[in-house]
file structure.tsv (TSV, C-alpha atoms)
chain	number	residue	atom	x	y	z
K	933	MET	CA	140.05	208.13	57.15
K	934	ASP	CA	136.32	207.76	57.37
K	935	CYS	CA	135.22	205.63	54.44
K	936	GLY	CA	131.58	206.16	55.16
K	937	THR	CA	128.55	203.97	55.35
K	938	CYS	CA	125.47	203.80	53.19
K	939	GLU	CA	124.02	206.63	55.30
K	940	THR	CA	127.02	208.96	55.24
K	941	ALA	CA	128.37	208.18	51.79
K	942	GLY	CA	125.68	207.06	49.39
K	943	PRO	CA	126.52	205.32	46.13
K	944	ILE	CA	127.37	207.64	43.28
K	945	GLN	CA	124.91	207.53	40.42
K	946	VAL	CA	126.78	205.94	37.56
K	947	ILE	CA	125.76	206.22	33.94
K	948	GLN	CA	123.56	203.26	32.98
K	949	PRO	CA	123.43	203.04	29.20
K	950	GLU	CA	120.10	202.15	27.62
K	951	VAL	CA	119.64	198.47	26.76
K	952	VAL	CA	119.10	197.99	23.03
K	953	ASP	CA	117.97	194.92	21.09
K	954	VAL	CA	121.13	193.67	19.50
K	955	ALA	CA	121.32	192.53	15.90
K	956	LEU	CA	124.58	190.88	14.91
K	957	THR	CA	125.94	188.72	12.13
K	958	ILE	CA	128.58	186.00	11.98
K	959	SER	CA	130.55	185.59	8.76
K	960	GLU	CA	130.68	182.19	7.07
K	961	LYS	CA	134.33	181.74	7.97
K	962	ALA	CA	133.62	182.54	11.61
K	963	GLN	CA	130.69	180.10	11.61
K	964	THR	CA	132.99	177.37	10.28
K	965	MET	CA	135.50	178.06	13.06
K	966	LEU	CA	132.75	178.16	15.66
K	967	ALA	CA	131.42	174.82	14.42
K	968	ASP	CA	134.93	173.40	14.95
K	969	ALA	CA	135.05	174.84	18.44
K	970	PHE	CA	131.56	173.76	19.48
K	971	GLY	CA	131.55	170.34	17.82
K	972	ASP	CA	128.13	168.73	18.03
K	973	ASP	CA	127.37	170.25	21.42
K	974	ARG	CA	125.13	173.23	20.67
K	975	SER	CA	124.14	173.62	24.29
K	976	MET	CA	127.20	175.84	24.70
K	977	ALA	CA	126.96	179.51	23.79
K	978	LEU	CA	129.24	182.20	22.47
K	979	LEU	CA	129.31	185.07	24.97
K	980	VAL	CA	130.14	188.35	23.23
K	981	GLY	CA	130.90	190.94	25.88
K	982	VAL	CA	132.76	194.18	26.42
K	983	LEU	CA	135.16	195.00	29.24
K	984	SER	CA	136.60	198.37	30.13
K	985	GLY	CA	140.23	198.95	29.29
K	986	GLY	CA	142.48	198.35	26.34
K	987	CYS	CA	144.24	201.13	24.51
K	988	SER	CA	140.98	202.66	23.33
K	989	GLY	CA	138.74	202.26	26.36
K	990	TYR	CA	136.71	199.14	25.68
K	991	MET	CA	137.86	195.60	24.98
K	992	TYR	CA	135.94	192.77	23.35
K	993	ASP	CA	135.52	189.66	25.43
K	994	LEU	CA	134.62	186.45	23.57
K	995	GLN	CA	134.02	183.28	25.58
K	996	ILE	CA	132.41	179.91	25.01
K	997	VAL	CA	130.19	179.32	28.02
K	998	GLU	CA	127.39	177.06	29.10
K	999	ASN	CA	125.68	179.88	30.95
K	1000	THR	CA	126.46	183.17	32.63
K	1001	ASP	CA	125.19	185.07	35.64
K	1002	GLN	CA	125.08	188.29	33.59
K	1003	SER	CA	121.74	189.53	32.32
K	1004	CYS	CA	121.95	188.70	28.62
K	1005	GLN	CA	120.08	188.68	25.34
K	1006	GLU	CA	120.18	185.34	23.56
K	1007	ILE	CA	120.37	185.33	19.78
K	1008	ASN	CA	120.27	182.22	17.64
K	1009	ILE	CA	122.26	182.36	14.42
K	1010	ASN	CA	122.18	179.21	12.28
K	1011	GLY	CA	121.99	177.05	15.39
K	1012	PHE	CA	124.68	178.91	17.35
K	1013	ARG	CA	123.58	180.39	20.68
K	1014	VAL	CA	125.04	183.87	21.09
K	1015	LEU	CA	124.76	185.71	24.43
K	1016	VAL	CA	125.14	189.49	24.61
K	1017	PRO	CA	125.15	191.13	28.07
K	1018	ASN	CA	122.52	193.85	28.33
K	1019	ALA	CA	125.06	196.13	30.04
K	1020	SER	CA	127.12	196.35	26.84
K	1021	SER	CA	124.32	195.94	24.28
K	1022	HIS	CA	124.59	199.59	23.20
K	1023	LEU	CA	128.17	198.96	22.12
K	1024	LEU	CA	127.51	195.75	20.23
K	1025	ASP	CA	124.41	196.40	18.15
K	1026	GLY	CA	125.19	195.84	14.46
K	1027	ILE	CA	128.54	194.07	14.87
K	1028	GLU	CA	129.85	191.40	12.55
K	1029	ILE	CA	131.89	188.56	14.03
K	1030	ASP	CA	134.49	187.54	11.48
K	1031	TYR	CA	137.44	185.18	11.45
K	1032	VAL	CA	140.77	186.27	10.02
K	1033	ASP	CA	143.00	183.42	8.94
K	1034	ARG	CA	146.61	184.52	9.29
K	1035	LEU	CA	149.61	183.54	11.37
K	1036	MET	CA	150.05	186.84	13.18
K	1037	GLY	CA	147.04	188.72	14.53
K	1038	GLY	CA	144.64	186.09	13.23
K	1039	GLY	CA	141.56	184.76	14.94
K	1040	PHE	CA	138.08	186.03	15.63
K	1041	LYS	CA	137.67	189.70	14.78
K	1042	ILE	CA	134.78	192.03	15.43
K	1043	ASN	CA	133.76	194.67	12.93
K	1044	ASN	CA	131.86	197.26	14.90
K	1045	PRO	CA	129.98	200.14	13.26
K	1046	ASN	CA	129.69	201.82	16.68
K	1047	ALA	CA	133.46	202.11	17.10
K	1048	GLU	CA	134.88	205.56	16.43
K	1049	SER	CA	138.40	204.18	16.61
K	1050	SER	CA	140.21	201.01	17.49
K	1051	CYS	CA	143.72	200.14	18.57
K	1052	GLY	CA	146.35	198.52	16.41
K	1053	CYS	CA	145.72	194.99	17.63
K	1054	GLY	CA	141.96	195.30	17.03
K	1055	GLU	CA	141.06	194.09	20.50
K	1056	SER	CA	139.97	197.42	21.86
K	1057	PHE	CA	137.80	200.24	20.57
K	1058	ALA	CA	136.30	203.55	21.54
H	85	MET	CA	157.08	216.52	59.25
H	86	THR	CA	155.60	219.76	57.96
H	87	ILE	CA	151.84	219.57	57.34
H	88	ALA	CA	149.64	221.73	55.13
H	89	PRO	CA	145.88	221.44	54.62
H	90	TYR	CA	144.77	220.17	51.20
H	91	PRO	CA	141.29	221.67	50.86
H	92	ASP	CA	140.71	220.26	47.36
H	93	GLY	CA	141.16	216.64	48.41
H	94	HIS	CA	138.44	214.18	47.41
H	95	LEU	CA	137.81	210.68	48.73
H	96	SER	CA	135.83	208.00	46.95
H	97	VAL	CA	135.38	204.42	48.07
H	98	TRP	CA	135.41	201.76	45.36
H	99	ARG	CA	133.94	198.35	46.17
H	100	GLY	CA	133.42	195.12	44.25
H	101	ARG	CA	135.40	192.12	43.08
H	102	ASP	CA	136.34	193.79	39.78
H	103	VAL	CA	137.66	197.06	41.23
H	104	LEU	CA	141.38	196.47	40.78
H	105	SER	CA	141.10	195.06	37.26
H	106	PHE	CA	138.73	197.91	36.37
H	107	ILE	CA	141.15	200.61	37.55
H	108	ASP	CA	144.09	198.75	36.05
H	109	GLY	CA	142.46	198.75	32.61
H	110	LEU	CA	141.81	202.49	32.72
H	111	SER	CA	145.00	203.91	34.23
H	112	THR	CA	148.72	203.99	33.65
H	113	ASN	CA	150.15	202.15	36.66
H	114	LEU	CA	149.98	198.49	37.56
H	115	VAL	CA	147.44	198.23	40.36
H	116	LEU	CA	146.41	194.58	40.02
H	117	ASP	CA	149.14	193.69	42.49
H	118	LEU	CA	147.98	196.15	45.16
H	119	VAL	CA	147.30	194.37	48.46
H	120	GLU	CA	145.88	195.43	51.81
H	121	GLY	CA	148.13	197.92	53.57
H	122	GLN	CA	149.64	199.29	50.37
H	123	CYS	CA	148.99	202.56	48.57
H	124	LYS	CA	149.99	203.65	45.11
H	125	HIS	CA	149.49	206.44	42.60
H	126	THR	CA	147.97	205.85	39.21
H	127	THR	CA	146.88	208.24	36.47
H	128	PHE	CA	143.74	208.14	34.37
H	129	THR	CA	144.34	209.35	30.83
H	130	THR	CA	142.40	209.92	27.64
H	131	THR	CA	143.12	207.95	24.45
H	132	SER	CA	145.59	210.71	23.56
H	133	ALA	CA	147.28	210.18	26.96
H	134	LYS	CA	146.16	213.57	28.31
H	135	VAL	CA	145.72	213.42	32.07
H	136	ILE	CA	142.21	213.33	33.51
H	137	ASP	CA	143.45	212.98	37.09
H	138	ARG	CA	146.16	211.42	39.17
H	139	VAL	CA	144.88	209.52	42.17
H	140	MET	CA	146.32	207.75	45.19
H	141	LEU	CA	144.79	204.35	45.88
H	142	PHE	CA	144.72	202.83	49.36
H	143	HIS	CA	143.93	199.11	49.54
H	144	MET	CA	141.86	198.91	52.71
H	145	GLY	CA	141.08	195.20	52.59
H	146	GLY	CA	137.44	195.00	51.57
H	147	PHE	CA	137.60	198.05	49.34
H	148	VAL	CA	139.87	200.60	47.69
H	149	ALA	CA	139.94	204.20	48.88
H	150	CYS	CA	140.79	206.67	46.14
H	151	VAL	CA	142.12	210.13	46.96
H	152	SER	CA	141.76	212.41	43.98
H	153	HIS	CA	141.62	216.13	43.24
H	154	GLY	CA	138.15	217.57	43.93
H	155	PRO	CA	137.96	219.91	40.92
H	156	HIS	CA	138.81	216.95	38.63
H	157	TRP	CA	136.30	214.55	40.19
H	158	GLN	CA	133.40	215.06	37.78
H	159	ALA	CA	135.68	214.59	34.78
H	160	LEU	CA	137.09	211.43	36.32
H	161	LEU	CA	133.65	210.09	37.17
H	162	SER	CA	132.37	210.83	33.66
H	163	HIS	CA	135.35	208.94	32.30
H	164	VAL	CA	135.04	205.80	34.41
H	165	SER	CA	131.34	205.46	35.02
H	166	PRO	CA	130.18	204.51	31.46
H	167	ARG	CA	132.90	201.88	31.43
H	168	ILE	CA	131.67	199.94	34.45
H	169	LEU	CA	129.25	198.09	32.16
H	170	GLY	CA	128.38	194.80	33.87
H	171	GLN	CA	131.40	194.69	36.17
H	172	ASP	CA	131.12	194.43	39.93
H	173	VAL	CA	132.21	197.97	40.79
H	174	SER	CA	130.40	200.50	42.94
H	175	ILE	CA	131.65	203.93	43.94
H	176	MET	CA	130.74	206.02	47.00
H	177	ASP	CA	131.73	209.57	47.83
H	178	ALA	CA	133.18	209.94	51.33
H	179	THR	CA	134.74	213.37	50.91
H	180	GLN	CA	132.43	215.11	53.37
H	181	SER	CA	133.50	212.84	56.21
H	182	ASN	CA	137.18	213.70	55.95
H	183	ASP	CA	139.79	216.42	55.95
H	184	PHE	CA	142.86	216.24	53.75
H	185	TYR	CA	146.46	217.28	54.37
H	186	VAL	CA	149.89	216.79	52.85
H	187	GLY	CA	153.00	216.09	54.88
H	188	PHE	CA	156.39	217.04	53.50
H	189	ASN	CA	159.96	217.88	54.47
H	190	HIS	CA	160.18	214.73	56.54
H	191	GLY	CA	163.00	212.83	54.89
H	192	ASN	CA	161.10	209.55	55.13
H	193	GLU	CA	161.77	206.92	52.52
H	194	TYR	CA	159.04	205.89	50.12
H	195	THR	CA	157.39	202.72	51.39
H	196	ALA	CA	154.30	202.30	49.17
H	197	THR	CA	152.37	201.61	52.37
H	198	TYR	CA	150.07	203.55	54.67
H	199	SER	CA	149.45	203.70	58.38
H	200	SER	CA	146.02	204.15	59.89
H	201	GLU	CA	145.45	205.07	63.49
H	202	ASN	CA	142.73	206.93	65.38
H	203	GLY	CA	140.96	207.90	62.17
H	204	ILE	CA	144.06	209.31	60.54
H	205	THR	CA	145.49	207.54	57.50
H	206	ILE	CA	148.90	208.51	56.18
H	207	GLY	CA	150.01	207.20	52.80
H	208	SER	CA	153.51	207.37	51.42
H	209	SER	CA	153.81	208.93	47.95
H	210	ILE	CA	156.57	208.05	45.53
H	211	ASP	CA	157.02	211.82	45.12
H	212	GLY	CA	158.32	212.16	48.67
H	213	TYR	CA	155.27	213.64	50.40
H	214	GLU	CA	152.63	211.97	52.48
H	215	MET	CA	148.90	212.11	51.80
H	216	ILE	CA	146.98	212.44	55.04
H	217	VAL	CA	143.26	211.69	55.24
H	218	ALA	CA	141.71	212.42	58.63
H	219	SER	CA	138.15	211.65	59.72
H	220	LYS	CA	136.25	214.81	60.63
H	221	GLY	CA	136.72	215.52	64.30
H	222	THR	CA	140.21	214.09	64.54
H	223	SER	CA	142.96	216.52	65.19
H	224	VAL	CA	145.76	217.05	62.71
H	225	LYS	CA	147.93	220.04	63.45
H	226	ALA	CA	148.81	221.92	60.28
H	227	ASP	CA	151.93	224.05	60.65
H	228	ALA	CA	152.30	225.22	57.07
H	229	ASN	CA	150.16	226.59	54.27
H	230	TRP	CA	149.73	225.78	50.61
H	231	ASN	CA	152.43	228.24	49.55
H	232	ASP	CA	154.94	226.38	51.74
H	233	PHE	CA	153.95	223.12	50.08
H	234	ASN	CA	154.28	224.71	46.64
H	235	GLU	CA	157.79	225.93	47.49
H	236	TRP	CA	158.67	222.37	48.53
H	237	ARG	CA	157.09	220.96	45.34
H	238	ILE	CA	159.08	223.37	43.21
H	239	SER	CA	162.32	222.40	44.93
H	240	GLN	CA	161.55	218.69	44.43
H	241	CYS	CA	159.94	219.02	40.96
H	242	VAL	CA	156.74	217.40	42.16
H	243	PRO	CA	153.63	217.91	39.98
H	244	TRP	CA	150.18	218.59	41.42
H	245	PRO	CA	146.66	218.33	40.01
H	246	GLY	CA	145.28	221.57	38.69
H	247	GLN	CA	148.80	222.98	38.28
H	248	GLU	CA	150.96	220.60	36.28
H	249	ILE	CA	148.48	217.72	36.17
H	250	THR	CA	145.80	218.94	33.78
H	251	GLN	CA	144.15	217.87	30.56
H	252	LYS	CA	146.54	220.16	28.67
H	253	HIS	CA	149.43	217.71	28.97
H	254	HIS	CA	150.11	214.00	28.71
H	255	ALA	CA	151.34	212.00	31.67
H	256	LEU	CA	155.05	212.11	30.80
H	257	ALA	CA	155.09	215.86	30.20
H	258	SER	CA	153.32	216.34	33.54
H	259	GLY	CA	156.17	214.68	35.42
H	260	LEU	CA	154.24	211.46	36.05
H	261	SER	CA	156.70	208.98	34.57
H	262	HIS	CA	156.68	207.10	37.91
H	263	ASP	CA	153.02	206.31	37.27
H	264	VAL	CA	153.54	204.95	33.78
H	265	HIS	CA	154.26	201.26	34.19
H	266	PRO	CA	156.51	199.99	31.40
H	267	ALA	CA	155.22	196.44	31.17
H	268	LYS	CA	151.60	196.25	32.21
H	269	GLY	CA	148.84	195.33	29.77
H	270	CYS	CA	146.81	197.71	27.67
H	271	TYR	CA	145.14	200.77	29.14
H	272	ILE	CA	143.66	203.91	27.67
H	273	GLY	CA	146.44	206.11	26.33
H	274	GLN	CA	149.05	203.35	26.41
H	275	GLU	CA	149.81	203.35	22.69
H	276	VAL	CA	150.70	207.04	22.77
H	277	LEU	CA	152.83	206.83	25.92
H	278	THR	CA	154.62	203.67	24.83
H	279	ARG	CA	155.48	205.22	21.49
H	280	MET	CA	156.93	208.28	23.23
H	281	VAL	CA	159.03	206.12	25.54
H	282	SER	CA	160.30	203.81	22.80
H	283	ARG	CA	161.21	206.72	20.53
H	284	GLY	CA	162.64	208.78	23.36
H	285	LYS	CA	160.45	211.72	22.37
H	286	GLN	CA	157.92	213.12	24.77
H	287	GLY	CA	157.65	216.66	23.44
H	288	ARG	CA	157.61	218.42	26.80
H	289	LYS	CA	158.82	217.79	30.31
H	290	LEU	CA	158.40	219.21	33.79
H	291	VAL	CA	161.39	221.13	35.16
H	292	THR	CA	162.29	223.47	37.99
H	293	VAL	CA	163.70	226.74	36.68
H	294	SER	CA	164.70	230.00	38.26
H	295	ASN	CA	162.16	232.78	37.94
H	296	GLU	CA	164.61	234.76	35.82
H	297	GLU	CA	164.86	231.93	33.29
H	298	ALA	CA	161.20	230.90	33.32
H	299	LYS	CA	159.03	231.71	30.31
H	300	PRO	CA	155.68	233.00	31.65
H	301	SER	CA	153.71	230.90	29.14
H	302	GLU	CA	155.36	227.71	30.43
H	303	VAL	CA	155.13	228.35	34.17
H	304	THR	CA	152.70	226.08	35.99
H	305	THR	CA	153.57	226.92	39.61
H	306	LYS	CA	155.40	230.13	40.49
H	307	GLY	CA	157.50	230.24	43.65
H	308	SER	CA	159.49	232.94	45.39
H	309	THR	CA	162.75	232.23	43.54
H	310	HIS	CA	162.01	229.23	41.30
H	311	SER	CA	159.07	227.91	39.34
H	312	LEU	CA	157.79	224.69	37.89
H	313	SER	CA	157.47	224.82	34.13
H	314	ILE	CA	156.47	222.39	31.42
H	315	VAL	CA	158.95	223.10	28.68
H	316	ARG	CA	159.64	221.83	25.17
H	317	VAL	CA	162.44	219.29	24.87
call {"tool": "encode", "arguments": {"input": "structure.tsv", "output": "structure tokens"}}
result
Amino acid sequence: MDCGTCETAGPIQVIQPEVVDVALTISEKAQTMLADAFGDDRSMALLVGVLSGGCSGYMYDLQIVENTDQSCQEININGFRVLVPNASSHLLDGIEIDYVDRLMGGGFKINNPNAESSCGCGESFA
Amino acid sequence: MTIAPYPDGHLSVWRGRDVLSFIDGLSTNLVLDLVEGQCKHTTFTTTSAKVIDRVMLFHMGGFVACVSHGPHWQALLSHVSPRILGQDVSIMDATQSNDFYVGFNHGNEYTATYSSENGITIGSSIDGYEMIVASKGTSVKADANWNDFNEWRISQCVPWPGQEITQKHHALASGLSHDVHPAKGCYIGQEVLTRMVSRGKQGRKLVTVSNEEAKPSEVTTKGSTHSLSIVRV
């Protein structure tokens, strides 16, 4: 097998989606839960990303981080720093981050107007 | 071993620290556990579990080599490429530097490994054949043609891209149940396949039937005495 070099097997042009300026909202309930999670330390940020996979093709990825090496947009919502990677901005514009308070399937939930469909557990979308 | 040329073979080289998790999230088999020296099939499916392509992955240490079916490559690339997002995954096309063959009728046991010597890499398929990728200029002696391989496939009920493995059918109907891991995490098409498995209803399945019994509309590969067909169950 000849796996090639940069000269003999150049990188394949992959689709690079356009970066959009993301507008997002966080429900009051979700802000309350975030305040519990962050405490008084508002130097931390909520990273709202998207990974490939899940039953529908894309999966949400929520993390509390100090910083990230991804190229991100930073949005400030009522004192909360929210980071959105530019690479997935086209999938996250217009989302609402909500918190669902129930024993099974509860937790942070994302309502996404860009999603054509989502899987049963709500973690992935297409 | 009998060897036939596989002119539609395609080789892409996938690099980056996220490659295995990326492929794992988009295909039916568990590939996160793949380590250097191993090879494995996995199948990329749509959300309705229809097959985009079945590939054979070779873990080559610093990268993953992916042998796929040339005519399906653009569909596969269109499927995966928008999903790379910010992940560390890059893909190169190395098809032009290689020739492709299949080895069959050898009686070797499935090992899930490959050997690589003098530019010739031979990977063991769970379907009982061997995928051979040879650097251009190396010499692999083919002693059979594609019809011979098809006759062997029919006798062993082995599906092939473009014949049984197409976007018309889901992975289970195409005879790819070996590729559908029962316990891995979510992937595209998983809900549909899992429901079929748990209910014991997959609608259609791949079978070998005699040419006298075969319905022309169901035949996917026709042989001299028998055919492969995807039939209702």
call {"tool": "residues_around", "arguments": {"input": "structure.tsv", "residues": "region 952-957 of chain K", "least_positions_apart": "6", "cutoff": "6 Å", "atoms": "only C-alpha atoms", "output": "list in words"}}
result
Ser1021, His1022, Asp1025, Gly1026, Ile1027 and Glu1028 of chain K
call {"tool": "write_last_selection", "arguments": {"input": "structure.tsv", "atoms": "C-alpha atoms", "output": "mmCIF file, in the frame of the given file"}}
result
data_model
loop_
_atom_site.group_PDB
_atom_site.id
_atom_site.type_symbol
_atom_site.label_atom_id
_atom_site.label_comp_id
_atom_site.auth_asym_id
_atom_site.auth_seq_id
_atom_site.Cartn_x
_atom_site.Cartn_y
_atom_site.Cartn_z
ATOM 1 C CA SER K 1021 124.320 195.940 24.280
ATOM 2 C CA HIS K 1022 124.590 199.590 23.200
ATOM 3 C CA ASP K 1025 124.410 196.400 18.150
ATOM 4 C CA GLY K 1026 125.190 195.840 14.460
ATOM 5 C CA ILE K 1027 128.540 194.070 14.870
ATOM 6 C CA GLU K 1028 129.850 191.400 12.550
#
call {"tool": "closest_residue", "arguments": {"input": "structure.tsv", "among": "K:Asn1010, K:Asn1044, K:Gln963, K:Thr1000", "to": "chain H", "atoms": "only C-alpha atoms"}}
result
K:Thr1000
call {"tool": "interface_residues", "arguments": {"input": "structure.tsv", "of": "chain H", "to": "chain K", "cutoff": "8 Å", "atoms": "all atoms listed in the file", "output": "ChimeraX atom specification"}}
result
/H:96-97,106,108-110,131,149,165-171,174-178,181-182,200,203-205,217-220,269-275
call {"tool": "residues_near_point", "arguments": {"input": "structure.tsv", "point": "(149.9, 206.6, 44.8)", "cutoff": "6 Å", "atoms": "only C-alpha atoms", "output": "list in words"}}
result
Cys123, Lys124, His125, Thr126, Met140, Leu141 and Ser209 of chain H
call {"tool": "atom_distance", "arguments": {"input": "structure.tsv", "atom1": "CA of Val951 (chain K)", "atom2": "CA of Gly100 (chain H)"}}
result
22.5 Å
call {"tool": "atom_distance", "arguments": {"input": "structure.tsv", "atom1": "CA of His163 (chain H)", "atom2": "CA of His94 (chain H)"}}
result
16.3 Å
call {"tool": "closest_atom_pairs", "arguments": {"input": "structure.tsv", "of": "region 224-286 of chain H", "to": "region 299-304 of chain H", "cutoff": "12 Å", "atoms": "all atoms listed in the file", "output": "JSON lines"}}
result
{"residue": "H:Asn234", "atom": "CA", "partner": "H:Thr304", "partner_atom": "CA", "distance": 10.9}
{"residue": "H:Arg237", "atom": "CA", "partner": "H:Thr304", "partner_atom": "CA", "distance": 11.5}
{"residue": "H:Ile238", "atom": "CA", "partner": "H:Thr304", "partner_atom": "CA", "distance": 10.0}
{"residue": "H:Cys241", "atom": "CA", "partner": "H:Thr304", "partner_atom": "CA", "distance": 11.3}
{"residue": "H:Val242", "atom": "CA", "partner": "H:Thr304", "partner_atom": "CA", "distance": 11.4}
{"residue": "H:Pro243", "atom": "CA", "partner": "H:Thr304", "partner_atom": "CA", "distance": 9.1}
{"residue": "H:Trp244", "atom": "CA", "partner": "H:Thr304", "partner_atom": "CA", "distance": 9.6}
{"residue": "H:Pro245", "atom": "CA", "partner": "H:Thr304", "partner_atom": "CA", "distance": 10.6}
{"residue": "H:Gly246", "atom": "CA", "partner": "H:Thr304", "partner_atom": "CA", "distance": 9.1}
{"residue": "H:Gln247", "atom": "CA", "partner": "H:Thr304", "partner_atom": "CA", "distance": 5.5}
{"residue": "H:Glu248", "atom": "CA", "partner": "H:Thr304", "partner_atom": "CA", "distance": 5.8}
{"residue": "H:Ile249", "atom": "CA", "partner": "H:Thr304", "partner_atom": "CA", "distance": 9.4}
{"residue": "H:Thr250", "atom": "CA", "partner": "H:Thr304", "partner_atom": "CA", "distance": 10.2}
{"residue": "H:Lys252", "atom": "CA", "partner": "H:Thr304", "partner_atom": "CA", "distance": 11.3}
{"residue": "H:His253", "atom": "CA", "partner": "H:Thr304", "partner_atom": "CA", "distance": 11.4}
{"residue": "H:Ala257", "atom": "CA", "partner": "H:Glu302", "partner_atom": "CA", "distance": 11.9}
{"residue": "H:Ser258", "atom": "CA", "partner": "H:Thr304", "partner_atom": "CA", "distance": 10.1}
{"residue": "H:Gly259", "atom": "CA", "partner": "H:Thr304", "partner_atom": "CA", "distance": 11.9}
call {"tool": "residues_near_point", "arguments": {"input": "structure.tsv", "point": "(162.2, 232.1, 29.7)", "cutoff": "12 Å", "atoms": "all atoms listed in the file", "output": "VMD selection string"}}
result
chain H and resid 292 to 303 310 to 316
call {"tool": "closest_residue", "arguments": {"input": "structure.tsv", "among": "K:Leu994, K:Cys1004, K:Leu1023, K:Ala977", "to": "Gly1039 (chain K)", "atoms": "all atoms listed in the file"}}
result
K:Leu994
